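**Q** Provided below: input.txt, containing compact mmCIF, C-alpha atoms.
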# COMPACT_ATOMS: atom_id res chain seq x y z
CA MET I 191 6.29 -77.61 23.12
CA SER I 192 8.47 -75.02 24.88
CA THR I 193 11.57 -75.96 22.87
CA LEU I 194 9.71 -75.03 19.69
CA ILE I 195 8.34 -71.65 20.84
CA TYR I 196 10.66 -69.67 18.53
CA ASP I 197 9.75 -71.80 15.51
CA ARG I 198 6.06 -71.61 16.32
CA LEU I 199 6.24 -67.82 16.55
CA VAL I 200 8.13 -67.50 13.27
CA ASN I 201 5.71 -69.88 11.53
CA HIS I 202 2.74 -67.83 12.81
CA GLU I 203 1.49 -70.81 14.82
CA ALA I 204 1.85 -68.91 18.11
CA LYS I 205 1.27 -65.34 19.25
CA LEU I 206 3.39 -62.94 21.27
CA ALA I 207 1.78 -60.41 23.62
CA VAL I 208 3.26 -57.24 25.06
CA ILE I 209 1.71 -56.28 28.40
CA GLY I 210 1.92 -52.52 28.91
CA LEU I 211 2.06 -50.25 25.85
CA GLY I 212 3.91 -47.21 27.11
CA TYR I 213 7.11 -45.70 25.74
CA VAL I 214 8.82 -49.11 26.14
CA GLY I 215 6.09 -51.59 25.29
CA LEU I 216 4.59 -50.06 22.16
CA PRO I 217 7.82 -49.86 20.09
CA ILE I 218 8.62 -53.48 21.03
CA ALA I 219 5.13 -54.64 20.11
CA LEU I 220 5.23 -52.90 16.73
CA GLU I 221 8.69 -54.24 15.85
CA PHE I 222 7.64 -57.81 16.60
CA ALA I 223 4.38 -57.27 14.71
CA ARG I 224 6.37 -56.82 11.50
CA LYS I 225 7.67 -60.37 11.89
CA ILE I 226 5.09 -62.37 13.87
CA LYS I 227 1.54 -62.23 15.26
CA VAL I 228 1.27 -59.84 18.21
CA VAL I 229 -1.33 -58.85 20.77
CA GLY I 230 -0.77 -55.44 22.38
CA PHE I 231 -2.41 -55.31 25.82
CA ASP I 232 -2.90 -52.28 28.05
CA ILE I 233 -5.32 -51.77 30.93
CA ASN I 234 -6.05 -48.21 29.77
CA GLN I 235 -8.88 -48.47 27.24
CA ALA I 236 -8.45 -44.84 26.14
CA ARG I 237 -4.82 -45.51 25.20
CA VAL I 238 -5.84 -48.69 23.37
CA ASP I 239 -8.44 -46.74 21.37
CA LEU I 240 -5.76 -44.26 20.28
CA MET I 241 -3.37 -47.02 19.20
CA LYS I 242 -6.14 -48.61 17.14
CA LYS I 243 -6.13 -45.32 15.22
CA ASN I 244 -2.33 -45.49 14.71
CA ILE I 245 -1.74 -42.85 17.38
CA ASP I 246 1.02 -43.28 19.97
CA PRO I 247 -0.28 -41.86 23.28
CA SER I 248 3.33 -41.23 24.36
CA ASN I 249 3.96 -39.05 21.28
CA GLU I 250 7.16 -40.94 20.50
CA LEU I 251 6.16 -42.73 17.27
CA GLU I 252 4.74 -41.46 14.00
CA ALA I 253 1.59 -42.99 12.52
CA SER I 254 3.79 -44.70 9.91
CA ALA I 255 5.32 -46.85 12.67
CA PHE I 256 2.05 -48.81 12.75
CA ASP I 257 2.17 -49.64 9.03
CA GLY I 258 2.60 -53.28 8.04
CA CYS I 259 2.09 -54.59 11.58
CA ASP I 260 0.14 -57.75 12.42
CA ILE I 261 -1.09 -56.54 15.81
CA GLU I 262 -4.31 -56.57 17.79
CA PHE I 263 -4.64 -53.84 20.43
CA THR I 264 -6.84 -54.72 23.38
CA ALA I 265 -7.70 -54.07 27.02
CA ASN I 266 -9.61 -57.33 27.28
CA ILE I 267 -7.82 -60.16 29.09
CA GLU I 268 -9.79 -62.72 27.09
CA ASP I 269 -7.78 -61.72 24.01
CA LEU I 270 -4.65 -63.07 25.73
CA ARG I 271 -5.84 -66.65 26.09
CA ASP I 272 -4.36 -67.86 22.80
CA VAL I 273 -0.96 -66.22 23.41
CA GLN I 274 2.13 -68.33 24.13
CA PHE I 275 4.89 -65.74 24.65
CA TYR I 276 4.35 -62.78 27.00
CA ILE I 277 6.56 -59.71 27.36
CA VAL I 278 5.82 -57.55 30.41
CA ALA I 279 6.82 -53.91 29.94
CA VAL I 280 4.96 -51.96 32.62
CA PRO I 281 6.38 -49.05 34.67
CA THR I 282 8.25 -49.65 37.94
CA PRO I 283 8.03 -46.32 39.78
CA ILE I 284 8.83 -45.35 43.37
CA ASP I 285 6.39 -44.13 46.04
CA ASP I 286 6.46 -40.98 48.15
CA GLN I 287 9.05 -42.57 50.44
CA ASN I 288 11.33 -43.43 47.49
CA LEU I 289 10.56 -47.12 47.91
CA PRO I 290 9.87 -49.47 44.96
CA ASP I 291 6.23 -49.43 43.87
CA LEU I 292 5.64 -52.86 42.37
CA LYS I 293 1.87 -52.51 41.97
CA PRO I 294 1.94 -52.20 38.14
CA LEU I 295 4.39 -55.10 37.84
CA LEU I 296 2.50 -57.39 40.19
CA GLY I 297 -0.77 -56.41 38.53
CA ALA I 298 0.64 -57.38 35.14
CA SER I 299 1.85 -60.67 36.62
CA LYS I 300 -1.68 -61.36 37.86
CA THR I 301 -3.05 -60.65 34.40
CA VAL I 302 -0.61 -63.07 32.77
CA GLY I 303 -1.11 -65.65 35.51
CA GLN I 304 -4.82 -65.83 34.74
CA VAL I 305 -4.22 -66.85 31.11
CA LEU I 306 -0.91 -68.76 31.42
CA LYS I 307 -0.83 -72.26 29.90
CA ALA I 308 1.61 -75.15 29.90
CA GLY I 309 4.47 -74.45 27.50
CA ASP I 310 4.13 -70.65 27.68
CA TYR I 311 6.99 -68.16 28.11
CA VAL I 312 6.95 -64.97 30.19
CA VAL I 313 9.72 -62.38 29.79
CA TYR I 314 9.95 -59.29 32.01
CA GLU I 315 11.43 -56.03 30.69
CA SER I 316 10.51 -53.71 33.57
CA THR I 317 13.49 -52.41 35.55
CA VAL I 318 13.65 -54.13 38.94
CA TYR I 319 16.11 -55.02 41.69
CA PRO I 320 18.01 -58.32 41.42
CA GLY I 321 15.74 -61.15 42.51
CA CYS I 322 12.41 -59.44 41.85
CA THR I 323 11.43 -61.62 38.89
CA GLU I 324 11.98 -64.87 40.78
CA GLU I 325 10.94 -63.75 44.27
CA ASP I 326 7.99 -61.45 43.55
CA CYS I 327 6.61 -62.20 40.08
CA ILE I 328 6.95 -65.95 39.53
CA PRO I 329 5.02 -66.93 42.71
CA ILE I 330 2.05 -64.92 41.38
CA LEU I 331 2.26 -66.67 38.02
CA GLU I 332 2.32 -70.06 39.76
CA GLN I 333 -0.50 -69.23 42.16
CA LEU I 334 -2.95 -67.91 39.58
CA SER I 335 -2.17 -70.41 36.83
CA GLY I 336 -1.86 -73.50 39.00
CA LEU I 337 1.25 -74.36 36.98
CA LYS I 338 4.79 -75.10 38.15
CA PHE I 339 7.66 -72.79 37.21
CA LYS I 340 10.25 -74.41 34.89
CA ASP I 341 8.29 -77.66 34.60
CA ASP I 342 5.18 -76.10 33.03
CA PHE I 343 6.23 -72.62 31.94
CA LYS I 344 9.47 -70.70 31.40
CA VAL I 345 10.43 -67.21 32.55
CA GLY I 346 13.15 -64.83 31.43
CA TYR I 347 14.28 -61.27 31.94
CA SER I 348 15.42 -58.88 29.21
CA PRO I 349 15.79 -55.27 30.40
CA GLU I 350 14.51 -52.49 28.20
CA ARG I 351 17.06 -50.04 26.81
CA ILE I 352 14.74 -47.61 25.04
CA ASN I 353 15.67 -43.95 25.51
CA PRO I 354 12.68 -41.58 25.13
CA GLY I 355 13.24 -38.90 22.51
CA ASP I 356 16.34 -40.65 21.13
CA LYS I 357 15.95 -41.46 17.42
CA GLU I 358 19.51 -42.78 17.14
CA HIS I 359 19.69 -45.46 19.83
CA THR I 360 16.59 -47.49 18.98
CA LEU I 361 15.42 -51.00 19.81
CA GLN I 362 16.94 -52.39 16.63
CA ASN I 363 20.47 -50.99 16.98
CA VAL I 364 21.16 -51.35 20.71
CA VAL I 365 22.46 -54.70 21.99
CA LYS I 366 19.76 -56.49 23.99
CA VAL I 367 20.54 -58.36 27.21
CA ALA I 368 18.51 -61.54 27.62
CA SER I 369 18.30 -64.21 30.30
CA GLY I 370 16.26 -67.32 30.99
CA CYS I 371 15.50 -69.73 33.79
CA CYS I 372 17.49 -72.49 32.04
CA ASP I 373 19.76 -72.94 29.03
CA GLU I 374 16.87 -73.94 26.81
CA SER I 375 14.72 -70.94 27.71
CA LEU I 376 17.65 -68.55 27.36
CA GLU I 377 18.26 -69.68 23.79
CA GLN I 378 14.58 -69.51 22.85
CA ILE I 379 14.21 -66.02 24.34
CA ALA I 380 17.44 -64.75 22.78
CA LYS I 381 16.49 -66.08 19.33
CA THR I 382 13.07 -64.44 19.61
CA TYR I 383 14.60 -61.05 20.38
CA GLU I 384 17.09 -61.49 17.53
CA LEU I 385 14.09 -61.24 15.22
CA VAL I 386 13.93 -57.50 15.93
CA VAL I 387 17.31 -56.51 17.42
CA THR I 388 19.85 -56.32 14.60
CA ALA I 389 22.62 -55.20 16.98
CA GLY I 390 22.55 -58.64 18.61
CA VAL I 391 21.61 -60.21 21.93
CA HIS I 392 23.92 -60.69 24.91
CA ARG I 393 23.05 -63.90 26.73
CA ALA I 394 23.35 -63.30 30.48
CA PRO I 395 24.02 -66.38 32.65
CA THR I 396 21.13 -65.82 35.06
CA ILE I 397 18.00 -63.71 35.49
CA LYS I 398 19.55 -61.93 38.49
CA VAL I 399 22.62 -60.96 36.46
CA ALA I 400 20.39 -59.40 33.78
CA GLU I 401 18.36 -57.55 36.44
CA ALA I 402 21.53 -56.25 38.08
CA ALA I 403 23.06 -55.19 34.77
CA LYS I 404 20.08 -52.98 34.00
CA ILE I 405 19.89 -51.37 37.40
CA ILE I 406 23.57 -50.38 37.47
CA GLU I 407 23.41 -48.77 34.02
CA ASN I 408 21.27 -45.97 35.39
CA THR I 409 22.87 -45.97 38.85
CA GLN I 410 26.24 -45.31 37.23
CA ARG I 411 24.86 -42.38 35.25
CA ASP I 412 23.12 -41.03 38.34
CA LEU I 413 26.37 -41.01 40.32
CA ASN I 414 28.34 -39.36 37.53
CA ILE I 415 25.76 -36.60 37.16
CA ALA I 416 25.65 -36.16 40.95
CA LEU I 417 29.41 -35.56 40.96
CA ILE I 418 29.07 -32.87 38.29
CA ASN I 419 26.10 -31.32 40.12
CA GLU I 420 28.14 -31.11 43.31
CA LEU I 421 31.05 -29.63 41.38
CA SER I 422 28.68 -27.01 39.93
CA ILE I 423 27.67 -25.98 43.46
CA ILE I 424 31.34 -25.66 44.43
CA PHE I 425 32.24 -23.76 41.25
CA ASN I 426 29.31 -21.39 41.78
CA LYS I 427 30.75 -20.46 45.18
CA LEU I 428 34.14 -19.95 43.50
CA LYS I 429 32.51 -17.87 40.73
CA ILE I 430 33.66 -20.24 37.99
CA ASN I 431 31.44 -21.30 35.08
CA THR I 432 30.95 -25.06 35.30
CA PHE I 433 30.51 -25.52 31.56
CA ASP I 434 33.82 -23.71 30.93
CA VAL I 435 35.50 -26.12 33.32
CA LEU I 436 33.91 -29.17 31.69
CA GLU I 437 34.91 -27.96 28.24
CA ALA I 438 38.52 -27.59 29.34
CA ALA I 439 38.64 -30.90 31.22
CA GLY I 440 36.91 -32.66 28.34
CA THR I 441 39.97 -32.21 26.13
CA LYS I 442 41.57 -35.16 27.96
CA TRP I 443 40.84 -38.45 26.20
CA ASN I 444 39.57 -40.32 29.25
CA PHE I 445 37.50 -37.56 30.88
CA LEU I 446 33.86 -38.66 31.17
CA LYS I 447 31.58 -36.04 29.65
CA PHE I 448 28.62 -35.53 31.95
CA SER I 449 26.73 -32.27 32.51
CA PRO I 450 24.96 -30.83 35.56
CA GLY I 451 21.20 -30.69 35.61
CA LEU I 452 17.90 -31.93 36.98
CA VAL I 453 17.84 -35.73 37.19
CA GLY I 454 14.27 -36.95 36.99
CA GLY I 455 12.25 -39.28 34.82
CA HIS I 456 11.43 -42.93 35.41
CA CYS I 457 14.94 -44.35 34.92
CA ILE I 458 17.96 -42.50 36.31
CA GLY I 459 15.92 -40.75 38.99
CA VAL I 460 14.22 -43.98 40.11
CA ASP I 461 16.36 -47.07 39.49
CA PRO I 462 19.05 -46.39 42.13
CA TYR I 463 16.33 -46.52 44.80
CA TYR I 464 15.46 -50.06 43.69
CA LEU I 465 19.08 -51.12 44.18
CA THR I 466 19.51 -49.40 47.55
CA HIS I 467 16.22 -50.95 48.73
CA LYS I 468 17.45 -54.43 47.89
CA ALA I 469 20.88 -53.69 49.39
CA LEU I 470 19.21 -52.68 52.67
CA GLN I 471 17.24 -55.93 52.68
CA ALA I 472 20.57 -57.73 52.30
CA GLY I 473 21.97 -55.85 55.29
CA TYR I 474 24.00 -53.14 53.57
CA HIS I 475 23.43 -49.38 53.51
CA ALA I 476 24.54 -48.10 50.09
CA GLN I 477 26.41 -44.96 51.07
CA VAL I 478 27.82 -43.75 47.76
CA ILE I 479 24.63 -44.38 45.79
CA MET I 480 22.46 -42.63 48.37
CA ALA I 481 24.85 -39.67 48.55
CA GLY I 482 24.51 -39.24 44.80
CA ARG I 483 20.71 -39.50 45.00
CA ASN I 484 20.61 -36.88 47.75
CA VAL I 485 22.64 -34.44 45.66
CA ASN I 486 20.51 -34.93 42.56
CA ASP I 487 17.23 -34.77 44.46
CA SER I 488 18.26 -31.41 45.96
CA MET I 489 19.06 -29.65 42.68
CA GLY I 490 15.55 -28.34 41.98
CA ALA I 491 15.39 -26.47 45.27
CA TYR I 492 18.98 -25.29 44.77
CA ILE I 493 18.18 -23.74 41.38
CA ALA I 494 15.09 -22.01 42.78
CA ASP I 495 16.98 -20.66 45.82
CA GLN I 496 19.82 -19.28 43.69
CA THR I 497 17.32 -17.56 41.41
CA VAL I 498 15.46 -16.00 44.35
CA LYS I 499 18.72 -14.68 45.83
CA LYS I 500 19.61 -13.01 42.54
CA VAL I 501 16.17 -11.38 42.24
CA ILE I 502 16.46 -10.05 45.81
CA LYS I 503 19.93 -8.68 45.04
CA GLN I 504 18.38 -6.64 42.25
CA GLY I 505 16.39 -4.84 44.94
CA LYS I 506 13.05 -6.45 44.21
CA HIS I 507 10.44 -7.49 46.77
CA ILE I 508 10.36 -11.24 46.34
CA GLN I 509 6.70 -11.79 47.27
CA SER I 510 5.56 -9.46 44.51
CA SER I 511 7.92 -11.00 41.95
CA LYS I 512 6.90 -13.00 38.91
CA PHE I 513 8.84 -15.96 37.54
CA LEU I 514 8.62 -17.82 34.22
CA ILE I 515 9.80 -21.42 33.97
CA MET I 516 10.27 -22.80 30.47
CA GLY I 517 10.02 -26.58 30.30
CA ALA I 518 8.10 -29.05 32.47
CA THR I 519 8.91 -32.49 31.06
CA PHE I 520 11.60 -34.69 32.60
CA LYS I 521 13.92 -34.21 29.61
CA GLU I 522 14.14 -32.36 26.32
CA ASP I 523 11.85 -33.00 23.34
CA VAL I 524 9.56 -35.55 25.04
CA SER I 525 6.04 -35.24 26.42
CA ASP I 526 6.66 -37.40 29.50
CA ILE I 527 6.20 -35.48 32.77
CA ARG I 528 6.63 -38.42 35.17
CA ASN I 529 9.04 -37.65 38.01
CA SER I 530 10.00 -34.33 36.45
CA LYS I 531 12.32 -32.45 38.78
CA VAL I 532 11.18 -29.14 37.31
CA ILE I 533 8.31 -29.52 39.77
CA ASP I 534 10.85 -29.23 42.60
CA VAL I 535 11.88 -25.85 41.20
CA VAL I 536 8.25 -24.75 41.00
CA ASN I 537 7.39 -25.89 44.52
CA GLU I 538 10.43 -24.21 46.04
CA LEU I 539 9.58 -20.93 44.31
CA LEU I 540 5.98 -21.17 45.46
CA SER I 541 7.22 -21.49 49.04
CA PHE I 542 8.43 -17.87 48.68
CA ASP I 543 4.89 -16.81 47.67
CA VAL I 544 6.02 -15.68 44.23
CA GLN I 545 3.91 -15.98 41.09
CA VAL I 546 5.14 -18.79 38.81
CA ASP I 547 4.11 -19.33 35.20
CA LEU I 548 5.07 -22.70 33.73
CA ILE I 549 5.10 -23.32 29.97
CA ASP I 550 6.00 -26.32 27.85
CA PRO I 551 5.05 -27.01 24.21
CA HIS I 552 5.33 -30.78 24.72
CA ALA I 553 3.57 -31.31 28.07
CA ASP I 554 -0.16 -31.79 28.53
CA ASN I 555 -1.94 -29.41 30.93
CA ASN I 556 -4.46 -32.02 32.14
CA GLU I 557 -1.68 -34.49 32.89
CA MET I 558 0.21 -31.81 34.82
CA LEU I 559 -2.85 -30.97 36.90
CA HIS I 560 -3.56 -34.63 37.56
CA GLU I 561 0.03 -35.54 38.45
CA TYR I 562 1.20 -32.43 40.32
CA ASN I 563 -1.82 -30.14 40.77
CA ILE I 564 0.18 -27.57 38.82
CA GLY I 565 -1.13 -26.23 35.53
CA LEU I 566 0.57 -24.80 32.46
CA VAL I 567 -0.02 -21.40 30.90
CA GLU I 568 -0.60 -21.52 27.14
CA GLU I 569 1.99 -18.88 26.40
CA ALA I 570 4.46 -16.72 28.24
CA GLY I 571 3.18 -13.44 29.63
CA LYS I 572 5.08 -10.21 30.29
CA ASP I 573 6.75 -8.34 33.11
CA TYR I 574 8.64 -11.27 34.61
CA ASP I 575 11.44 -10.65 37.12
CA ALA I 576 13.20 -13.91 36.30
CA ILE I 577 13.17 -16.55 33.58
CA ILE I 578 14.37 -20.11 34.15
CA VAL I 579 14.97 -22.24 31.06
CA ALA I 580 14.73 -25.61 32.79
CA VAL I 581 14.48 -27.99 29.81
CA ASN I 582 16.45 -27.50 26.61
CA HIS I 583 13.68 -28.29 24.14
CA LYS I 584 14.55 -27.65 20.50
CA ASP I 585 11.76 -25.06 20.60
CA TYR I 586 13.89 -22.96 22.96
CA VAL I 587 17.41 -23.43 21.61
CA GLY I 588 17.06 -20.87 18.80
CA LEU I 589 15.64 -18.07 20.96
CA ASP I 590 17.84 -14.99 21.39
CA GLU I 591 18.39 -12.48 24.17
CA SER I 592 15.99 -9.94 22.66
CA TYR I 593 13.16 -12.48 22.94
CA PHE I 594 13.80 -12.96 26.66
CA LYS I 595 14.18 -9.21 27.22
CA GLY I 596 10.70 -8.80 25.76
CA LEU I 597 9.31 -11.06 28.49
CA LEU I 598 11.09 -9.36 31.40
CA LYS I 599 9.95 -6.25 33.26
CA ASP I 600 11.58 -3.22 31.60
CA GLY I 601 13.74 -5.64 29.61
CA LYS I 602 15.79 -6.44 32.70
CA GLY I 603 15.96 -9.30 35.15
CA VAL I 604 17.54 -12.62 36.03
CA PHE I 605 18.05 -15.24 33.33
CA VAL I 606 18.74 -18.81 34.51
CA ASP I 607 20.01 -21.27 31.92
CA VAL I 608 19.96 -24.61 33.74
CA LYS I 609 21.68 -26.62 31.00
CA GLY I 610 23.99 -23.87 29.75
CA ILE I 611 22.55 -23.80 26.22
CA TYR I 612 22.83 -20.00 25.97
CA LYS I 613 26.37 -19.72 27.32
CA GLY I 614 28.08 -16.77 25.67
CA LYS I 615 24.83 -15.54 24.05
CA ILE I 616 23.38 -13.51 26.94
CA LYS I 617 25.16 -10.17 27.30
CA ASP I 618 22.85 -7.69 29.07
CA LEU I 619 20.72 -9.77 31.43
CA GLU I 620 22.05 -11.18 34.68
CA TYR I 621 22.98 -14.70 33.57
CA TRP I 622 23.40 -17.80 35.70
CA SER I 623 23.68 -21.48 34.93
CA LEU I 624 24.62 -24.62 36.82
Would you mind giving the structure from this file in structure tokens?
**A**
Amino acid sequence: MSTLIYDRLVNHEAKLAVIGLGYVGLPIALEFARKIKVVGFDINQARVDLMKKNIDPSNELEASAFDGCDIEFTANIEDLRDVQFYIVAVPTPIDDQNLPDLKPLLGASKTVGQVLKAGDYVVYESTVYPGCTEEDCIPILEQLSGLKFKDDFKVGYSPERINPGDKEHTLQNVVKVASGCCDESLEQIAKTYELVVTAGVHRAPTIKVAEAAKIIENTQRDLNIALINELSIIFNKLKINTFDVLEAAGTKWNFLKFSPGLVGGHCIGVDPYYLTHKALQAGYHAQVIMAGRNVNDSMGAYIADQTVKKVIKQGKHIQSSKFLIMGATFKEDVSDIRNSKVIDVVNELLSFDVQVDLIDPHADNNEMLHEYNIGLVEEAGKDYDAIIVAVNHKDYVGLDESYFKGLLKDGKGVFVDVKGIYKGKIKDLEYWSL
């Protein structure tokens, strides 16, 4: 039966389920649902109810993305019993000690294990350390199903490459990496993904290779950004504009174009910790990776401290000062606030007993309060001593200096442009960027 899983899916004789319908799972589920029968499963009934109304809770997809899809949204495990191909796309965050938090992944494995049947396929997309699928997930599938891995069911790993807010690099046009537990399963899994990925599928030789490939994609970016962040600290001491330096250096054909900034979110700011955790288990302390993480994790406090120093230099009493931070999400033009490093800026400023107003047109106030115990103000007030544009939302890019002057006390104050989007446009205010 397992050798025919692709044909059975294409012939609508079998169903595919996506477990976890967040910013990764929902787009995958909808793409498959244009070709085959799909069940979209999420443990959050409120999210399921929204998707039944063609609403993406992550605010990434338009209602039209649901059109023409053969999909059943559910939070009921019983609706998974007639599924033969499972894709697990749940979050893999870190805990307060920066250690892997596998609870969502193991919970999803328990869900699948309860309904797994002989001949079924399970493919994991969640970002994990090499070995996690085989060492942590498969034993749960075996235990709860009473089935034997490889003999009774097949498992693969195909890391997600969806970039929130990116309308150019989508599921269809980015090469997909796929792996299986044997040659047969690899081919069946790869062919299934080729239904929806027009850019093609790279067949990795093993599950561990596919896991490792995913984790180093974001680790590499993390290290490159950490280098630029450290350079920005050095250049600040030398009174050189970092973005001017990058523009000049970028004229060389092989210079890698990275920018300084806050590195948060659930990918770049998290994945390196999965790799260093596994490295430590293997008896190696990852020095370079951890050094990069330390630099990037410190940038929020650094930005806040630099802003406070500049306000004090203007002769103002810091504890009676008022700050505005524009942007709370982990990156521009998305609503996702998970692991946003803007919170580090806020918390550092609050440690100086200053008043901080935080605004963001994309973030949800209730989610902010739940996640960080920090609320948003609906709109910017007046009489601020400093403004920090922390996230370069499109909503902010077109604003001019007169707008910011109108928010500052007496039209004067400190203007911090974290990502350098106003470079050369601020003439009267005290301007600083990374």
**Q** For atom CA of I:Ile195 and atom CA of I:Asn353, quote the distance in Å rounded to one decimal.
**A**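 According to the coordinates, atom CA of I:Ile195 and atom CA of I:Asn353 are separated by 29.0 Å.
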**Q** Might you pull out every residue within 12 Å of I:Leu194, with only C-alpha atoms counted and same-chain residues fewer than 2 positions away left off, and present them as a VMD selection string?
**A** chain I and resid 191 to 192 196 to 201 203 to 204 274 to 275 309 to 311 374 to 375 377 to 379 381 to 382
**Q** Which polymer residues have any atom within 10 Å of an atom of stretch 235-241 of chain I, counting only C-alpha atoms, with same-chain residues fewer than 4 positions away left out, as a list in words?
**A**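 Counting only the stated atoms, we get Leu211, Gly212, Leu216, Gly230, Phe231, Ile245, Asp246, Pro247, Ser248, Ala253, Phe256, Glu262, Phe263, Thr264, Ala265 and Asn266 of chain I.
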**Q** Neighbouring residues of stretch 621-624 of chain I were defined as those with any atom within 8 Å, considering all atoms listed in the file; residues of the same chain fewer than 6 positions away were excluded. Please report them as a list of chain:residue names.
**A**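 Neighbouring residues, sequence-local ones excluded: I:Asn419, I:Ser422, I:Ile423, I:Asn426, I:Asn431, I:Thr432, I:Phe433, I:Pro450, I:Gly451, I:Ile493, I:Val604, I:Phe605, I:Val606, I:Asp607, I:Val608, I:Lys609, I:Gly610.
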**Q** Can you spit out the residues from that selection as a short mmCIF file (atom, residue, chain, number, x, y, z; two decimals), keeping the file's coordinate frame, using C-alpha atoms?
**A**
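Output file part.cif is given in full below:
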data_model
loop_
_atom_site.label_atom_id
_atom_site.label_comp_id
_atom_site.auth_asym_id
_atom_site.auth_seq_id
_atom_site.Cartn_x
_atom_site.Cartn_y
_atom_site.Cartn_z
CA ASN I 419 26.10 -31.32 40.12
CA SER I 422 28.68 -27.01 39.93
CA ILE I 423 27.67 -25.98 43.46
CA ASN I 426 29.31 -21.39 41.78
CA ASN I 431 31.44 -21.30 35.08
CA THR I 432 30.95 -25.06 35.30
CA PHE I 433 30.51 -25.52 31.56
CA PRO I 450 24.96 -30.83 35.56
CA GLY I 451 21.20 -30.69 35.61
CA ILE I 493 18.18 -23.74 41.38
CA VAL I 604 17.54 -12.62 36.03
CA PHE I 605 18.05 -15.24 33.33
CA VAL I 606 18.74 -18.81 34.51
CA ASP I 607 20.01 -21.27 31.92
CA VAL I 608 19.96 -24.61 33.74
CA LYS I 609 21.68 -26.62 31.00
CA GLY I 610 23.99 -23.87 29.75
#
**Q** Give me, as a PDB file with C-alpha atoms, keeping the file's coordinate frame, all polymer residues having an atom no more than 12 Å from stretch 467-469 of chain I, counting only C-alpha atoms and skipping those fewer than 5 positions away in the same chain.
**A**
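This is the output file around_3.pdb:
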ATOM      1  CA  ILE I 284       8.830 -45.350  43.370  1.00  0.00           C
ATOM      2  CA  GLN I 287       9.050 -42.570  50.440  1.00  0.00           C
ATOM      3  CA  ASN I 288      11.330 -43.430  47.490  1.00  0.00           C
ATOM      4  CA  LEU I 289      10.560 -47.120  47.910  1.00  0.00           C
ATOM      5  CA  PRO I 290       9.870 -49.470  44.960  1.00  0.00           C
ATOM      6  CA  ASP I 291       6.230 -49.430  43.870  1.00  0.00           C
ATOM      7  CA  VAL I 318      13.650 -54.130  38.940  1.00  0.00           C
ATOM      8  CA  TYR I 319      16.110 -55.020  41.690  1.00  0.00           C
ATOM      9  CA  PRO I 320      18.010 -58.320  41.420  1.00  0.00           C
ATOM     10  CA  GLY I 321      15.740 -61.150  42.510  1.00  0.00           C
ATOM     11  CA  CYS I 322      12.410 -59.440  41.850  1.00  0.00           C
ATOM     12  CA  GLU I 325      10.940 -63.750  44.270  1.00  0.00           C
ATOM     13  CA  GLU I 401      18.360 -57.550  36.440  1.00  0.00           C
ATOM     14  CA  ALA I 402      21.530 -56.250  38.080  1.00  0.00           C
ATOM     15  CA  ILE I 405      19.890 -51.370  37.400  1.00  0.00           C
ATOM     16  CA  VAL I 460      14.220 -43.980  40.110  1.00  0.00           C
ATOM     17  CA  ASP I 461      16.360 -47.070  39.490  1.00  0.00           C
ATOM     18  CA  PRO I 462      19.050 -46.390  42.130  1.00  0.00           C
ATOM     19  CA  TYR I 474      24.000 -53.140  53.570  1.00  0.00           C
ATOM     20  CA  HIS I 475      23.430 -49.380  53.510  1.00  0.00           C
ATOM     21  CA  ALA I 476      24.540 -48.100  50.090  1.00  0.00           C
ATOM     22  CA  GLN I 477      26.410 -44.960  51.070  1.00  0.00           C
ATOM     23  CA  ILE I 479      24.630 -44.380  45.790  1.00  0.00           C
ATOM     24  CA  MET I 480      22.460 -42.630  48.370  1.00  0.00           C
TER      25      MET I 480
END
**Q** Can you pull out every residue within 9 Å of I:Val498, counting all atoms listed in the file, but drop anything in the same chain fewer than 3 positions away, and send it as a PyMOL selection string?
**A** chain I and resi 493-495+501-503+508+539+542+576
**Q** Each side padded by 8 Å, which centre and which edge lengths in Å (one decimal) define the axis-aligned box around the listed atoms of stretch 373-378 of chain I? Give them as AutoDock Vina command-line options.
**A**
--center_x 17.2 --center_y -71.2 --center_z 25.9 --size_x 21.2 --size_y 21.4 --size_z 22.2
**Q** Please indicate the distance in Å from atom CA of I:Asp232 to atom CA of I:Val208, rounded to one decimal place.
**A** 8.5 Å
**Q** Interatomic distance between atom CA of I:Ala580 and atom CA of I:Ile458?
**A**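 These two atoms are separated by 17.6 Å.
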**Q** Around (12.0, -4.1, 30.9) in the file's frame, which residues reach within 12 Å when counting all atoms listed in the file? Return as a list of chain:residue names?
**A**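 Residues with an atom close enough to that point: I:Lys572, I:Asp573, I:Tyr574, I:Asp575, I:Ala576, I:Ser592, I:Tyr593, I:Phe594, I:Lys595, I:Gly596, I:Leu597, I:Leu598, I:Lys599, I:Asp600, I:Gly601, I:Lys602, I:Gly603, I:Val604, I:Asp618, I:Leu619.
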**Q** Pick the closest to I:Glu557 from I:Asp526, I:Glu324, I:Asp585, I:Glu538: which is it, counting only C-alpha atoms?
**A**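 With only C-alpha atoms as the atom set, the closest residue is I:Asp526.
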**Q** Report as a tab-separated table: every residue of stretch 356-400 of chain I with an atom at most 12 Å from stretch 223-228 of chain I, its closest pair of atoms, and their distance in Å to one decimal, counting only C-alpha atoms, with rows sorted by chain and ascending residue number.
**A**
residue	atom	partner	partner_atom	distance
I:Thr382	CA	I:Ile226	CA	10.0
I:Tyr383	CA	I:Lys225	CA	11.0
I:Glu384	CA	I:Lys225	CA	11.0
I:Leu385	CA	I:Lys225	CA	7.3
I:Val386	CA	I:Lys225	CA	8.0
I:Val387	CA	I:Lys225	CA	11.8
**Q** With all atoms listed in the file as the atoms that count, which of I:Leu465, I:Ile549, I:Val524, I:Ile577 lies nearest to I:Asn249?
**A**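 Closest to I:Asn249, using all atoms listed in the file: I:Val524.
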